[in-house]
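Notes for the one structure printed next.
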Number of protein chains: 2
Amino acid sequence: MFENPSGPWALIVHGGAKEMGPGEEDANRQGVLEALAEGRKILERGGTAVDAVEASIRKLEDLPIFNAGHGSSLNEEGEVEMCSGMMDGRDLSVGAVGAIKGVRNPVSVARAMLGEKETLIVGEGARTFARNKNLPLVNNDALITELRESELAEHDTVGAVALDKGGNIAAGTSTGGLTGAHVGRIGDSPVPGCGFYADNHVGAVAFSGDGETIQRLALAGRVMAALDRGEHPEQAVAKAVAMLPGTGGADADGGGIAISKDGRVGWAHNSPDFAVAMITSDMNEPKAWLGKKEEKNG
Amino acid sequence: MFENPSGPWALIVHGGAKEMGPGEEDANRQGVLEALAEGRKILERGGTAVDAVEASIRKLEDLPIFNAGHGSSLNEEGEVEMCSGMMDGRDLSVGAVGAIKGVRNPVSVARAMLGEKETLIVGEGARTFARNKNLPLVNNDALITELRESELAEHDTVGAVALDKGGNIAAGTSTGGLTGAHVGRIGDSPVPGCGFYADNHVGAVAFSGDGETIQRLALAGRVMAALDRGEHPEQAVAKAVAMLPGTGGADADGGGIAISKDGRVGWAHNSPDFAVAMITSDMNEPKAWLGKKEEKNG
């Protein structure tokens, strides 16, 4: 199936750069591990990075603890509008949807867009595209959970990046958006070069956090340039995250995950918490962290 | 008004990477020169790069020869959907609108977004924002010209980049989109790091052309990295444009204009034509080209 079907593989997923509420730690840890397991199955049996990223993000969307798909934030009119992007590092194809309503799994709509001439479609046109592709539609209100109705502003896009046994790399994001935002607001999540990027010759990255500041910095492109210079993914993401407060103000926070073409993985964040899980072909068991909270707990 | 109110200034505008129809040369040349004159007036009297870029692009939008504002392309449902982005290099603020209908000057909506927390809004939400800002709305059909109703697929985003006497840099784009595209389609034009970017410490760039391929390459970010390494704007844009066919196929064409922080300007394209006009504080008269067509004519 692949030219190099026994190459190293790797997968890293995250559940958002955010501040976890009291008692949310276990659900976040369990959630990112479940999402990781979905993608891991695919990579272990020789499947593609694109399939693994989609499968992991679908699980994150389905779990209400994460602000994506089921459990999304509400905009200024109390509606859910979601964004998602995917990128296939084999040919730099991009599939993305913005401000889409009433679909169960935005990442699968983004995945379907990978095969289209267009890269990014938004709003009602995006939902029409999903319907034409026979992807599951839902009543938009079914995406609202009690958790989101009670919360204040939060931004916690989920994401995943993967390297498969064939040396292919993919990245993906999905978000329920920013609580109280303008109708039609789009942050970094569906925008290549801002919220995500993947290139087999370089690596991949996915961001979460202050979407406007990440977009203004075109942050994913900066990480790709650093990876291309040979920087370790952790260093590349850490330097990018450090730019957020200087551009978006003291409150601008975020986090990112990255992978290099040779399978090194890394993550960094300046948000209070950042739920991450990872596995590589060199590891027997997955690892999970909850960010600073985890570090504090030793 | 500025720390350095007598510094060098520069402005470059373009009317789209495209193939001009028979007899369209004069209207294109005249159009980019008129647009340049609008921005030049502002820069000469000590106004800001942001004001100059907005003024130049408003003129390009108003002229039906260009695919932006009045004279936009029609999507698969025969409707006009427009995109525009602006960026202020002083603080990296971004204002952008995507798939917006029924506004006279999309660039002025993007300009108004510069003052918002959000950077990019799309669809009906974007038009609501324009209405709330008391910007002129029009019947969407009023934007359709006989020229566009008769044409085949074309992509000819307009753009401008400027350096003002105070050393501030700005970039802007505006497009009527891609003929026959999916409803809600968004290309590179409203996306920072893809279709445009501006940073006082580096320079600015604006692209036109195959919007999907420009987006997949996050091309504006690549030019900014080259400018940051000290490359001449013309060289930086030429190398970026040369990537288009390799990623989007033999037909992927485009063009870009760029400016460095010290006021050097440059442009490059692999499209059949590219209407450009420029003026700097060192020049007495503006210069205009029509791209390859011009070069052929000597």
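Residues in the structure tokens are named by chain (A, B, ... in the order shown) and by number from 1 within that chain; ligands are numbered from 1 in the order shown.
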Practice prompt. Write out as an NGL selection string which residues come within 6 Å of Ala110 in chain A when counting only C-alpha atoms, dropping same-chain ones fewer than 2 positions away.
Written response: :A and (85-86 or 95-97 or 107-108 or 112-113)
Worksheet item: When the cut-off is 10 Å and we count only C-alpha atoms, which residues of chain A are near chain B, given as number ranges by chain?
Response: A: 87, 91-99, 116-129, 178, 181-188, 191-194, 197-199, 211-213, 215-222, 225, 246-248
Worksheet item: Can you list, as a list in words, every protein, DNA or RNA residue that comes within 9 Å of Gly15 in chain B when you count only C-alpha atoms, leaving out same-chain residues fewer than 2 positions away?
Response: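 The filter keeps Val13, Ala17, Lys18, Asn28, Arg29, Gly31, Val32, Leu60, Ile65, Phe66, Asn67, Asp156, Thr157, Val158, Gly159, Ser208, Phe274, Ala275, Val276 and Ala277 of chain B.
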Fill in: Backbone DSSP call of strand (DSSP E or B) for range 170-201 of chain A, listed as a ChimeraX atom specification
/A:170-175,185-186,192,196-199
Keeping only N, CA and C atoms, take the residues you just selected and write them out as a CSV table (one decimal), in the first residue's frame.
```
chain,number,residue,atom,x,y,z
A,170,ALA,N,-0.5,14.5,8.2
A,170,ALA,CA,-1.8,15.2,8.1
A,170,ALA,C,-2.0,16.0,9.3
A,171,ALA,N,-2.8,17.0,9.2
A,171,ALA,CA,-3.2,17.8,10.4
A,171,ALA,C,-4.7,18.1,10.3
A,172,GLY,N,-5.3,18.3,11.5
A,172,GLY,CA,-6.7,18.7,11.5
A,172,GLY,C,-7.1,19.5,12.7
A,173,THR,N,-8.2,20.3,12.6
A,173,THR,CA,-8.7,21.0,13.7
A,173,THR,C,-10.2,21.0,13.7
A,174,SER,N,-10.8,21.3,14.8
A,174,SER,CA,-12.3,21.4,14.9
A,174,SER,C,-12.6,22.3,16.1
A,175,THR,N,-13.6,23.2,15.9
A,175,THR,CA,-13.9,24.1,17.0
A,175,THR,C,-15.4,24.5,17.0
A,185,ARG,N,-18.4,34.6,12.6
A,185,ARG,CA,-17.0,34.8,13.0
A,185,ARG,C,-16.2,33.6,12.7
A,186,ILE,N,-15.0,33.8,12.1
A,186,ILE,CA,-14.1,32.7,11.8
A,186,ILE,C,-12.7,33.0,12.4
A,192,PRO,N,-5.7,27.4,6.6
A,192,PRO,CA,-4.3,26.9,6.5
A,192,PRO,C,-3.3,28.0,6.7
A,196,PHE,N,-3.6,25.6,11.2
A,196,PHE,CA,-3.0,24.2,10.9
A,196,PHE,C,-2.2,24.3,9.6
A,197,TYR,N,-1.4,23.2,9.4
A,197,TYR,CA,-0.7,23.1,8.2
A,197,TYR,C,0.0,21.7,8.2
A,198,ALA,N,0.1,21.1,7.0
A,198,ALA,CA,0.8,19.8,6.9
A,198,ALA,C,1.5,19.7,5.6
A,199,ASP,N,2.7,19.2,5.6
A,199,ASP,CA,3.5,19.0,4.4
A,199,ASP,C,4.5,17.9,4.6
```
Worksheet entry | Selection near Leu11 in chain A, 7 Å with only C-alpha atoms, sequence-local residues under 4 positions removed, as a ChimeraX atom specification | /A:161-163,278-280
Discussion item. Using DSSP assignments from the backbone, pull out every residue in range 142-288 of chain A that falls under helix (DSSP H, G or I) and give it to me as a PyMOL selection string.
Written reply: chain A and resi 142-143+146-149+211-216+219-228+233-248
Take the residues from that selection and put them in a file with C-alpha atoms, as a short mmCIF file (atom, residue, chain, number, x, y, z; two decimals), in the first residue's frame.
```cif
data_model
loop_
_atom_site.label_atom_id
_atom_site.label_comp_id
_atom_site.auth_asym_id
_atom_site.auth_seq_id
_atom_site.Cartn_x
_atom_site.Cartn_y
_atom_site.Cartn_z
CA ALA A 142 -28.89 19.18 19.34
CA LEU A 143 -25.26 20.37 19.48
CA GLU A 146 -26.01 22.23 29.38
CA LEU A 147 -22.31 22.77 29.97
CA ARG A 148 -22.02 25.32 27.14
CA GLU A 149 -25.20 27.17 28.00
CA GLY A 211 -8.07 32.47 17.26
CA GLU A 212 -7.83 36.11 16.24
CA THR A 213 -4.26 36.48 17.46
CA ILE A 214 -3.22 33.13 15.97
CA GLN A 215 -4.69 34.32 12.66
CA ARG A 216 -3.02 37.74 12.84
CA LEU A 219 1.16 31.16 13.36
CA ALA A 220 1.06 27.74 11.67
CA GLY A 221 3.21 29.09 8.84
CA ARG A 222 5.79 30.31 11.32
CA VAL A 223 6.01 26.87 12.92
CA MET A 224 6.37 25.21 9.52
CA ALA A 225 9.26 27.54 8.68
CA ALA A 226 10.93 26.63 11.98
CA LEU A 227 10.42 22.89 11.36
CA ASP A 228 11.86 23.38 7.88
CA PRO A 233 8.59 20.53 17.14
CA GLU A 234 8.41 21.42 20.83
CA GLN A 235 10.81 24.34 20.42
CA ALA A 236 9.05 25.52 17.26
CA VAL A 237 5.63 25.55 18.93
CA ALA A 238 6.95 27.10 22.14
CA LYS A 239 8.46 30.03 20.23
CA ALA A 240 5.22 30.54 18.32
CA VAL A 241 3.06 30.43 21.46
CA ALA A 242 5.37 32.97 23.09
CA MET A 243 4.40 35.50 20.39
CA LEU A 244 0.72 35.49 21.40
CA PRO A 245 0.79 37.88 24.40
CA GLY A 246 3.07 40.31 22.53
CA THR A 247 0.54 40.66 19.71
CA GLY A 248 -2.86 39.96 21.24
#
```
